[in-house]
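A.B. asks: This is the content of coords.txt (compact mmCIF, N, CA and C atoms):
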```txt
# COMPACT_ATOMS: atom_id res chain seq x y z
N MET A 1 118.91 97.17 148.99
CA MET A 1 117.57 96.98 148.49
C MET A 1 116.99 98.35 148.11
N THR A 2 116.38 98.43 146.97
CA THR A 2 115.82 99.68 146.47
C THR A 2 114.31 99.67 146.66
N HIS A 3 113.77 100.79 147.07
CA HIS A 3 112.32 100.95 147.17
C HIS A 3 111.95 102.41 146.95
N ILE A 4 110.67 102.63 146.78
CA ILE A 4 110.14 103.99 146.60
C ILE A 4 109.37 104.36 147.86
N ALA A 5 109.73 105.48 148.45
CA ALA A 5 109.01 106.02 149.61
C ALA A 5 108.01 107.06 149.07
N VAL A 6 106.75 106.85 149.39
CA VAL A 6 105.68 107.72 148.89
C VAL A 6 105.13 108.54 150.06
N SER A 7 105.10 109.86 149.88
CA SER A 7 104.61 110.74 150.94
C SER A 7 103.11 110.58 151.14
N HIS A 8 102.65 111.08 152.27
CA HIS A 8 101.25 111.07 152.66
C HIS A 8 100.71 109.65 152.81
N GLY A 9 101.63 108.75 153.18
CA GLY A 9 101.26 107.35 153.38
C GLY A 9 100.59 107.12 154.72
N ALA A 10 100.35 105.85 155.01
CA ALA A 10 99.57 105.49 156.18
C ALA A 10 100.39 105.15 157.41
N ASP A 11 101.72 105.08 157.29
CA ASP A 11 102.50 104.71 158.48
C ASP A 11 102.68 105.91 159.40
N PHE A 12 103.30 105.68 160.53
CA PHE A 12 103.48 106.71 161.56
C PHE A 12 104.20 107.94 161.02
N PHE A 13 105.14 107.74 160.09
CA PHE A 13 105.93 108.83 159.55
C PHE A 13 105.30 109.44 158.29
N GLY A 14 104.14 108.93 157.88
CA GLY A 14 103.48 109.46 156.69
C GLY A 14 104.10 109.00 155.39
N LEU A 15 104.74 107.83 155.43
CA LEU A 15 105.38 107.29 154.23
C LEU A 15 104.90 105.86 153.99
N ASP A 16 104.75 105.51 152.75
CA ASP A 16 104.55 104.12 152.36
C ASP A 16 105.74 103.74 151.51
N HIS A 17 106.14 102.48 151.58
CA HIS A 17 107.32 102.01 150.85
C HIS A 17 106.92 100.87 149.92
N TYR A 18 107.39 100.96 148.67
CA TYR A 18 107.05 99.95 147.66
C TYR A 18 108.28 99.55 146.88
N PRO A 19 108.40 98.25 146.57
CA PRO A 19 109.47 97.87 145.65
C PRO A 19 109.11 98.37 144.24
N PRO A 20 110.09 98.77 143.46
CA PRO A 20 109.79 99.27 142.11
C PRO A 20 108.97 98.30 141.26
N THR A 21 109.18 97.00 141.44
CA THR A 21 108.42 96.03 140.64
C THR A 21 106.93 96.11 140.93
N ALA A 22 106.56 96.38 142.17
CA ALA A 22 105.13 96.49 142.52
C ALA A 22 104.49 97.67 141.80
N LEU A 23 105.24 98.75 141.63
CA LEU A 23 104.72 99.92 140.93
C LEU A 23 104.66 99.68 139.43
N ARG A 24 105.72 99.05 138.89
CA ARG A 24 105.73 98.78 137.45
C ARG A 24 104.57 97.87 137.03
N GLN A 25 104.17 96.96 137.89
CA GLN A 25 103.05 96.06 137.59
C GLN A 25 101.75 96.82 137.37
N LEU A 26 101.61 97.97 137.99
CA LEU A 26 100.36 98.74 137.89
C LEU A 26 100.23 99.54 136.60
N ALA A 27 101.33 99.86 135.96
CA ALA A 27 101.30 100.74 134.79
C ALA A 27 100.31 100.29 133.72
N PRO A 28 100.33 99.03 133.28
CA PRO A 28 99.38 98.66 132.23
C PRO A 28 97.92 98.73 132.68
N TYR A 29 97.67 98.46 133.95
CA TYR A 29 96.30 98.54 134.46
C TYR A 29 95.80 99.98 134.46
N VAL A 30 96.68 100.90 134.84
CA VAL A 30 96.30 102.32 134.84
C VAL A 30 96.00 102.76 133.41
N THR A 31 96.86 102.38 132.48
CA THR A 31 96.66 102.75 131.08
C THR A 31 95.37 102.16 130.53
N ASN A 32 95.16 100.87 130.76
CA ASN A 32 94.00 100.19 130.18
C ASN A 32 92.67 100.56 130.84
N SER A 33 92.72 101.11 132.04
CA SER A 33 91.47 101.50 132.70
C SER A 33 91.06 102.93 132.38
N THR A 34 91.86 103.60 131.56
CA THR A 34 91.59 105.00 131.22
C THR A 34 91.14 105.10 129.76
N PRO A 35 90.01 105.76 129.51
CA PRO A 35 89.58 105.96 128.11
C PRO A 35 90.64 106.72 127.32
N HIS A 36 90.71 106.42 126.03
CA HIS A 36 91.73 107.05 125.16
C HIS A 36 91.73 108.57 125.26
N GLY A 37 90.58 109.18 125.31
CA GLY A 37 90.48 110.63 125.34
C GLY A 37 91.01 111.25 126.61
N GLN A 38 91.20 110.45 127.67
CA GLN A 38 91.67 110.97 128.95
C GLN A 38 93.09 110.53 129.29
N ARG A 39 93.74 109.81 128.39
CA ARG A 39 95.06 109.26 128.70
C ARG A 39 96.13 110.33 128.88
N ALA A 40 95.96 111.48 128.27
CA ALA A 40 96.95 112.55 128.46
C ALA A 40 97.02 112.96 129.94
N ASP A 41 95.90 112.84 130.65
CA ASP A 41 95.86 113.22 132.07
C ASP A 41 96.70 112.31 132.95
N ILE A 42 96.91 111.05 132.51
CA ILE A 42 97.61 110.09 133.37
C ILE A 42 99.05 109.83 132.93
N VAL A 43 99.51 110.54 131.91
CA VAL A 43 100.88 110.32 131.41
C VAL A 43 101.91 110.43 132.54
N PRO A 44 101.84 111.45 133.42
CA PRO A 44 102.85 111.54 134.49
C PRO A 44 102.79 110.34 135.45
N LEU A 45 101.59 109.86 135.74
CA LEU A 45 101.46 108.71 136.63
C LEU A 45 102.02 107.46 135.98
N VAL A 46 101.67 107.22 134.73
CA VAL A 46 102.17 106.04 134.03
C VAL A 46 103.69 106.09 133.93
N ALA A 47 104.25 107.26 133.64
CA ALA A 47 105.71 107.40 133.58
C ALA A 47 106.34 107.09 134.93
N ALA A 48 105.72 107.54 136.01
CA ALA A 48 106.25 107.27 137.35
C ALA A 48 106.16 105.79 137.70
N LEU A 49 105.10 105.14 137.25
CA LEU A 49 104.95 103.71 137.51
C LEU A 49 105.91 102.88 136.67
N GLU A 50 106.11 103.25 135.43
CA GLU A 50 106.99 102.49 134.54
C GLU A 50 108.46 102.63 134.91
N ALA A 51 108.83 103.80 135.39
CA ALA A 51 110.23 104.06 135.79
C ALA A 51 110.23 104.71 137.17
N PRO A 52 109.95 103.93 138.21
CA PRO A 52 109.86 104.51 139.55
C PRO A 52 111.15 105.21 139.97
N GLY A 53 110.99 106.38 140.51
CA GLY A 53 112.12 107.18 140.97
C GLY A 53 111.61 108.41 141.67
N ASP A 54 112.47 109.41 141.78
CA ASP A 54 112.09 110.66 142.44
C ASP A 54 111.07 111.40 141.57
N ARG A 55 109.92 111.70 142.14
CA ARG A 55 108.84 112.41 141.43
C ARG A 55 108.16 113.35 142.42
N LYS A 56 107.54 114.38 141.85
CA LYS A 56 106.74 115.30 142.67
C LYS A 56 105.51 115.65 141.85
N PHE A 57 104.35 115.34 142.41
CA PHE A 57 103.08 115.67 141.78
C PHE A 57 102.46 116.84 142.54
N PRO A 58 102.12 117.93 141.86
CA PRO A 58 101.44 119.04 142.53
C PRO A 58 100.10 118.56 143.11
N PRO A 59 99.58 119.25 144.12
CA PRO A 59 98.33 118.83 144.74
C PRO A 59 97.18 118.67 143.76
N GLU A 60 97.10 119.56 142.78
CA GLU A 60 96.00 119.49 141.81
C GLU A 60 96.10 118.21 140.99
N GLN A 61 97.31 117.83 140.65
CA GLN A 61 97.52 116.61 139.87
C GLN A 61 97.25 115.38 140.74
N ALA A 62 97.67 115.41 141.98
CA ALA A 62 97.39 114.31 142.90
C ALA A 62 95.88 114.11 143.04
N ALA A 63 95.13 115.21 143.06
CA ALA A 63 93.67 115.13 143.16
C ALA A 63 93.07 114.45 141.93
N GLN A 64 93.67 114.63 140.77
CA GLN A 64 93.19 113.97 139.54
C GLN A 64 93.58 112.51 139.50
N LEU A 65 94.74 112.18 140.05
CA LEU A 65 95.24 110.81 139.98
C LEU A 65 94.61 109.89 141.01
N ALA A 66 94.19 110.42 142.14
CA ALA A 66 93.61 109.58 143.19
C ALA A 66 92.40 108.77 142.70
N PRO A 67 91.42 109.38 142.04
CA PRO A 67 90.28 108.59 141.58
C PRO A 67 90.67 107.54 140.53
N GLN A 68 91.66 107.87 139.71
CA GLN A 68 92.10 106.90 138.70
C GLN A 68 92.73 105.69 139.38
N LEU A 69 93.56 105.93 140.38
CA LEU A 69 94.17 104.82 141.10
C LEU A 69 93.12 104.01 141.87
N ARG A 70 92.14 104.69 142.41
CA ARG A 70 91.05 103.99 143.11
C ARG A 70 90.30 103.08 142.14
N LYS A 71 90.06 103.59 140.93
CA LYS A 71 89.38 102.80 139.90
C LYS A 71 90.21 101.56 139.55
N VAL A 72 91.50 101.72 139.42
CA VAL A 72 92.38 100.60 139.12
C VAL A 72 92.32 99.57 140.24
N SER A 73 92.32 100.03 141.48
CA SER A 73 92.31 99.11 142.63
C SER A 73 91.06 98.24 142.65
N GLN A 74 90.01 98.68 141.98
CA GLN A 74 88.75 97.93 141.97
C GLN A 74 88.59 97.05 140.72
N ASP A 75 89.61 97.02 139.86
CA ASP A 75 89.57 96.19 138.65
C ASP A 75 89.50 94.72 139.05
N ARG A 76 88.51 94.02 138.56
CA ARG A 76 88.30 92.62 138.95
C ARG A 76 89.39 91.70 138.42
N HIS A 77 90.16 92.15 137.44
CA HIS A 77 91.23 91.34 136.87
C HIS A 77 92.56 91.52 137.62
N LEU A 78 92.61 92.50 138.48
CA LEU A 78 93.84 92.80 139.22
C LEU A 78 93.90 91.92 140.47
N LYS A 79 95.05 91.31 140.70
CA LYS A 79 95.23 90.46 141.88
C LYS A 79 95.22 91.31 143.14
N ASP A 80 95.05 90.64 144.27
CA ASP A 80 94.88 91.33 145.55
C ASP A 80 96.05 92.24 145.92
N LYS A 81 97.27 91.76 145.78
CA LYS A 81 98.42 92.56 146.21
C LYS A 81 98.58 93.83 145.37
N PRO A 82 98.58 93.76 144.02
CA PRO A 82 98.65 95.02 143.26
C PRO A 82 97.44 95.92 143.49
N ALA A 83 96.28 95.32 143.72
CA ALA A 83 95.09 96.13 144.00
C ALA A 83 95.27 96.91 145.31
N ALA A 84 95.88 96.27 146.30
CA ALA A 84 96.13 96.95 147.58
C ALA A 84 97.13 98.09 147.40
N VAL A 85 98.13 97.89 146.55
CA VAL A 85 99.11 98.96 146.27
C VAL A 85 98.41 100.13 145.59
N ALA A 86 97.57 99.83 144.60
CA ALA A 86 96.84 100.89 143.90
C ALA A 86 95.95 101.67 144.88
N ARG A 87 95.29 100.96 145.78
CA ARG A 87 94.41 101.62 146.75
C ARG A 87 95.22 102.50 147.72
N ALA A 88 96.35 101.99 148.17
CA ALA A 88 97.19 102.77 149.09
C ALA A 88 97.74 104.02 148.38
N LEU A 89 98.13 103.88 147.12
CA LEU A 89 98.59 105.04 146.36
C LEU A 89 97.46 106.05 146.18
N ALA A 90 96.26 105.56 145.91
CA ALA A 90 95.10 106.45 145.75
C ALA A 90 94.85 107.23 147.04
N ASP A 91 94.92 106.53 148.16
CA ASP A 91 94.69 107.19 149.46
C ASP A 91 95.77 108.24 149.73
N ALA A 92 97.03 107.91 149.43
CA ALA A 92 98.13 108.86 149.65
C ALA A 92 97.96 110.09 148.76
N ALA A 93 97.61 109.87 147.50
CA ALA A 93 97.40 110.99 146.57
C ALA A 93 96.26 111.88 147.07
N ALA A 94 95.19 111.26 147.55
CA ALA A 94 94.04 112.02 148.06
C ALA A 94 94.42 112.83 149.30
N ARG A 95 95.25 112.24 150.18
CA ARG A 95 95.69 112.98 151.38
C ARG A 95 96.56 114.17 150.98
N ALA A 96 97.45 113.97 150.03
CA ALA A 96 98.30 115.09 149.57
C ALA A 96 97.43 116.20 149.00
N ALA A 97 96.47 115.84 148.18
CA ALA A 97 95.58 116.84 147.58
C ALA A 97 94.77 117.55 148.66
N SER A 98 94.27 116.80 149.63
CA SER A 98 93.48 117.37 150.71
C SER A 98 94.31 118.33 151.56
N ASP A 99 95.59 117.97 151.76
CA ASP A 99 96.49 118.83 152.54
C ASP A 99 97.05 119.98 151.71
N ARG A 100 96.75 119.98 150.40
CA ARG A 100 97.27 120.98 149.46
C ARG A 100 98.80 121.02 149.47
N GLU A 101 99.35 119.81 149.49
CA GLU A 101 100.80 119.64 149.48
C GLU A 101 101.19 118.77 148.29
N PRO A 102 102.41 118.93 147.80
CA PRO A 102 102.87 118.05 146.72
C PRO A 102 102.95 116.60 147.21
N TRP A 103 102.71 115.69 146.30
CA TRP A 103 102.80 114.26 146.58
C TRP A 103 104.17 113.81 146.07
N HIS A 104 105.06 113.40 146.98
CA HIS A 104 106.44 113.06 146.63
C HIS A 104 106.66 111.55 146.58
N TRP A 105 107.42 111.13 145.58
CA TRP A 105 107.94 109.77 145.50
C TRP A 105 109.46 109.90 145.56
N THR A 106 110.08 109.15 146.44
CA THR A 106 111.52 109.24 146.61
C THR A 106 112.15 107.86 146.48
N LEU A 107 113.15 107.77 145.62
CA LEU A 107 113.89 106.52 145.44
C LEU A 107 114.87 106.36 146.60
N ILE A 108 114.78 105.25 147.29
CA ILE A 108 115.66 104.96 148.42
C ILE A 108 116.48 103.72 148.07
N THR A 109 117.78 103.85 148.15
CA THR A 109 118.66 102.72 147.90
C THR A 109 119.41 102.45 149.20
N ALA A 110 119.09 101.34 149.83
CA ALA A 110 119.75 100.97 151.07
C ALA A 110 121.05 100.26 150.73
N VAL A 111 122.08 100.66 151.38
CA VAL A 111 123.39 100.06 151.16
C VAL A 111 123.58 99.01 152.24
N THR A 112 123.85 97.80 151.81
CA THR A 112 124.11 96.74 152.79
C THR A 112 125.60 96.42 152.77
N THR A 113 126.11 96.13 153.94
CA THR A 113 127.52 95.78 154.04
C THR A 113 127.61 94.30 154.37
N PRO A 114 128.61 93.63 153.84
CA PRO A 114 128.76 92.20 154.13
C PRO A 114 129.08 91.99 155.61
N ALA A 115 128.57 90.91 156.14
CA ALA A 115 128.83 90.58 157.54
C ALA A 115 130.29 90.18 157.69
N ALA A 116 130.88 90.59 158.79
CA ALA A 116 132.30 90.28 159.00
C ALA A 116 132.49 88.89 159.57
```
Please lay out the structure from this file as structure tokens.
C.D. replies:
Amino acid sequence: MTHIAVSHGADFFGLDHYPPTALRQLAPYVTNSTPHGQRADIVPLVAALEAPGDRKFPPEQAAQLAPQLRKVSQDRHLKDKPAAVARALADAAARAASDREPWHWTLITAVTTPAA
């Protein structure tokens, strides 16, 4: 099973885990909630959402992305589950920025073995 581990998360180890499909669902909402003149600022986030994988956002960039993700989480057209993912990502980005640390996304592929 593949998932993305996001640093500065809310669990005991400071990681949140998301299936790639949950992140891909957010990409159009992030794009559509951003005015045309500001879309260049979110290109790295949209790219990360559209093709989830290993990413590193500098603290300054995480600080810019957190409010955008928070705005997306409050979109009345967004269903509860994707809204919760957007809010959790916003919180993680804000924590990374506050800690002045890079915000990391790591692709994790768990290998399962057939039962004997």
A.B. asks: Using all atoms listed in the file, can you tell me which of A:Gln61, A:Ser7, A:Thr2, A:Gln68 comes closest to A:Val30?
C.D. replies: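 Of the candidates, the smallest distance to A:Val30 is held by A:Gln68.
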A.B. asks: Here is a test: counting only C-alpha atoms, which residue of A:Asp75, A:Ala10, A:Arg24, A:His17 is nearest to A:Thr109?
C.D. replies: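 When distances to A:Thr109 are compared using only C-alpha atoms, the smallest one comes from A:His17.
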A.B. asks: I'd like the contact shell of A:Ala96 - 12 Å cut-off, only C-alpha atoms, skipping same-chain residues fewer than 5 positions apart - returned as a ChimeraX atom specification.
C.D. replies: /A:6-10,14-15,56-66,89-91,101-105
A.B. asks: Determine which residues of stretch 40-108 of chain A DSSP labels as strand (DSSP E or B) from the backbone of this structure, then write them out as a list of chain:residue names.
C.D. replies: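 Restricting stretch 40-108 of chain A to strand (DSSP E or B) produces A:Arg55, A:Lys56, A:Phe57, A:Trp103, A:His104, A:Trp105, A:Thr106, A:Leu107, A:Ile108.
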A.B. asks: Considering only N, CA and C atoms, state which residue in the set A:Ala5, A:Tyr29, A:Ala97, A:Asp11 is at the smallest distance from A:Val72.
C.D. replies: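 Closest to A:Val72, using only N, CA and C atoms: A:Tyr29.
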A.B. asks: Show which residues sit within 8 Å of A:Ser73, as a PyMOL selection string. Count only C-alpha atoms, and ignore same-chain residues fewer than 5 positions away.
C.D. replies: chain A and resi 78+82-87
A.B. asks: Choose the residue, out of A:Gln74, A:Gln38, A:Thr31, A:Thr21, that has the smallest atom-to-atom separation from A:Ala51; count only C-alpha atoms.
C.D. replies: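 Distance minimum relative to A:Ala51 lands on A:Thr21.
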A.B. asks: Ranking A:Ala27, A:Ala110, A:Pro67, A:Pro35 by minimum distance to A:Ala48 and counting only C-alpha atoms, which one comes first?
C.D. replies: A:Ala27
A.B. asks: Write down as a CSV table (one decimal) with N, CA and C atoms, in the coordinates of the input the residues of stretch 55-107 of chain A whose backbone DSSP state falls under alpha helix (DSSP H).
C.D. replies:
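Heads up, here's the output in out_13.csv:
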```csv
chain,number,residue,atom,x,y,z
A,59,PRO,N,99.6,119.2,144.1
A,59,PRO,CA,98.3,118.8,144.7
A,59,PRO,C,97.2,118.7,143.8
A,60,GLU,N,97.1,119.6,142.8
A,60,GLU,CA,96.0,119.5,141.8
A,60,GLU,C,96.1,118.2,141.0
A,61,GLN,N,97.3,117.8,140.6
A,61,GLN,CA,97.5,116.6,139.9
A,61,GLN,C,97.2,115.4,140.7
A,62,ALA,N,97.7,115.4,142.0
A,62,ALA,CA,97.4,114.3,142.9
A,62,ALA,C,95.9,114.1,143.0
A,63,ALA,N,95.1,115.2,143.1
A,63,ALA,CA,93.7,115.1,143.2
A,63,ALA,C,93.1,114.4,141.9
A,64,GLN,N,93.7,114.6,140.8
A,64,GLN,CA,93.2,114.0,139.5
A,64,GLN,C,93.6,112.5,139.5
A,65,LEU,N,94.7,112.2,140.0
A,65,LEU,CA,95.2,110.8,140.0
A,65,LEU,C,94.6,109.9,141.0
A,66,ALA,N,94.2,110.4,142.1
A,66,ALA,CA,93.6,109.6,143.2
A,66,ALA,C,92.4,108.8,142.7
A,67,PRO,N,91.4,109.4,142.0
A,67,PRO,CA,90.3,108.6,141.6
A,67,PRO,C,90.7,107.5,140.5
A,68,GLN,N,91.7,107.9,139.7
A,68,GLN,CA,92.1,106.9,138.7
A,68,GLN,C,92.7,105.7,139.4
A,69,LEU,N,93.6,105.9,140.4
A,69,LEU,CA,94.2,104.8,141.1
A,69,LEU,C,93.1,104.0,141.9
A,70,ARG,N,92.1,104.7,142.4
A,70,ARG,CA,91.0,104.0,143.1
A,70,ARG,C,90.3,103.1,142.1
A,71,LYS,N,90.1,103.6,140.9
A,71,LYS,CA,89.4,102.8,139.9
A,71,LYS,C,90.2,101.6,139.6
A,72,VAL,N,91.5,101.7,139.4
A,72,VAL,CA,92.4,100.6,139.1
A,72,VAL,C,92.3,99.6,140.2
A,73,SER,N,92.3,100.0,141.5
A,73,SER,CA,92.3,99.1,142.6
A,73,SER,C,91.1,98.2,142.6
A,80,ASP,N,95.0,90.6,144.3
A,80,ASP,CA,94.9,91.3,145.6
A,80,ASP,C,96.0,92.2,145.9
A,81,LYS,N,97.3,91.8,145.8
A,81,LYS,CA,98.4,92.6,146.2
A,81,LYS,C,98.6,93.8,145.4
A,82,PRO,N,98.6,93.8,144.0
A,82,PRO,CA,98.6,95.0,143.3
A,82,PRO,C,97.4,95.9,143.5
A,83,ALA,N,96.3,95.3,143.7
A,83,ALA,CA,95.1,96.1,144.0
A,83,ALA,C,95.3,96.9,145.3
A,84,ALA,N,95.9,96.3,146.3
A,84,ALA,CA,96.1,97.0,147.6
A,84,ALA,C,97.1,98.1,147.4
A,85,VAL,N,98.1,97.9,146.6
A,85,VAL,CA,99.1,99.0,146.3
A,85,VAL,C,98.4,100.1,145.6
A,86,ALA,N,97.6,99.8,144.6
A,86,ALA,CA,96.8,100.9,143.9
A,86,ALA,C,96.0,101.7,144.9
A,87,ARG,N,95.3,101.0,145.8
A,87,ARG,CA,94.4,101.6,146.8
A,87,ARG,C,95.2,102.5,147.7
A,88,ALA,N,96.4,102.0,148.2
A,88,ALA,CA,97.2,102.8,149.1
A,88,ALA,C,97.7,104.0,148.4
A,89,LEU,N,98.1,103.9,147.1
A,89,LEU,CA,98.6,105.0,146.4
A,89,LEU,C,97.5,106.0,146.2
A,90,ALA,N,96.3,105.6,145.9
A,90,ALA,CA,95.1,106.4,145.8
A,90,ALA,C,94.8,107.2,147.0
A,91,ASP,N,94.9,106.5,148.2
A,91,ASP,CA,94.7,107.2,149.5
A,91,ASP,C,95.8,108.2,149.7
A,92,ALA,N,97.0,107.9,149.4
A,92,ALA,CA,98.1,108.9,149.6
A,92,ALA,C,98.0,110.1,148.8
A,93,ALA,N,97.6,109.9,147.5
A,93,ALA,CA,97.4,111.0,146.6
A,93,ALA,C,96.3,111.9,147.1
A,94,ALA,N,95.2,111.3,147.6
A,94,ALA,CA,94.0,112.0,148.1
A,94,ALA,C,94.4,112.8,149.3
A,95,ARG,N,95.2,112.2,150.2
A,95,ARG,CA,95.7,113.0,151.4
A,95,ARG,C,96.6,114.2,151.0
A,96,ALA,N,97.4,114.0,150.0
A,96,ALA,CA,98.3,115.1,149.6
A,96,ALA,C,97.4,116.2,149.0
A,97,ALA,N,96.5,115.8,148.2
A,97,ALA,CA,95.6,116.8,147.6
A,97,ALA,C,94.8,117.6,148.7
A,98,SER,N,94.3,116.8,149.6
A,98,SER,CA,93.5,117.4,150.7
A,98,SER,C,94.3,118.3,151.6
A,99,ASP,N,95.6,118.0,151.8
A,99,ASP,CA,96.5,118.8,152.5
A,99,ASP,C,97.0,120.0,151.7
```
A.B. asks: Would you please work out which residue, of A:Val46, A:His77, A:Asp54, A:Gly37, is nearest to A:Ile108 when using only N, CA and C atoms?
C.D. replies: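 Residue with the minimum atom-to-atom distance to A:Ile108: A:Asp54.
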A.B. asks: Please report the interatomic distance between atom C of A:Thr34 and atom N of A:Ala47 in Å with one decimal.
C.D. replies: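 So the answer is 13.8 Å.
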A.B. asks: Do you have the atom N of A:Leu107-atom CA of A:His3 distance handy?
C.D. replies: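 Taking atom N of A:Leu107 as the start and atom CA of A:His3 as the end point, the length is 7.0 Å.
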A.B. asks: Figure out the distance between atom CA of A:Pro52 and atom CA of A:Pro20, please, to one decimal in Å.
C.D. replies: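 Atom CA of A:Pro52 lies at a distance of 5.8 Å from atom CA of A:Pro20.
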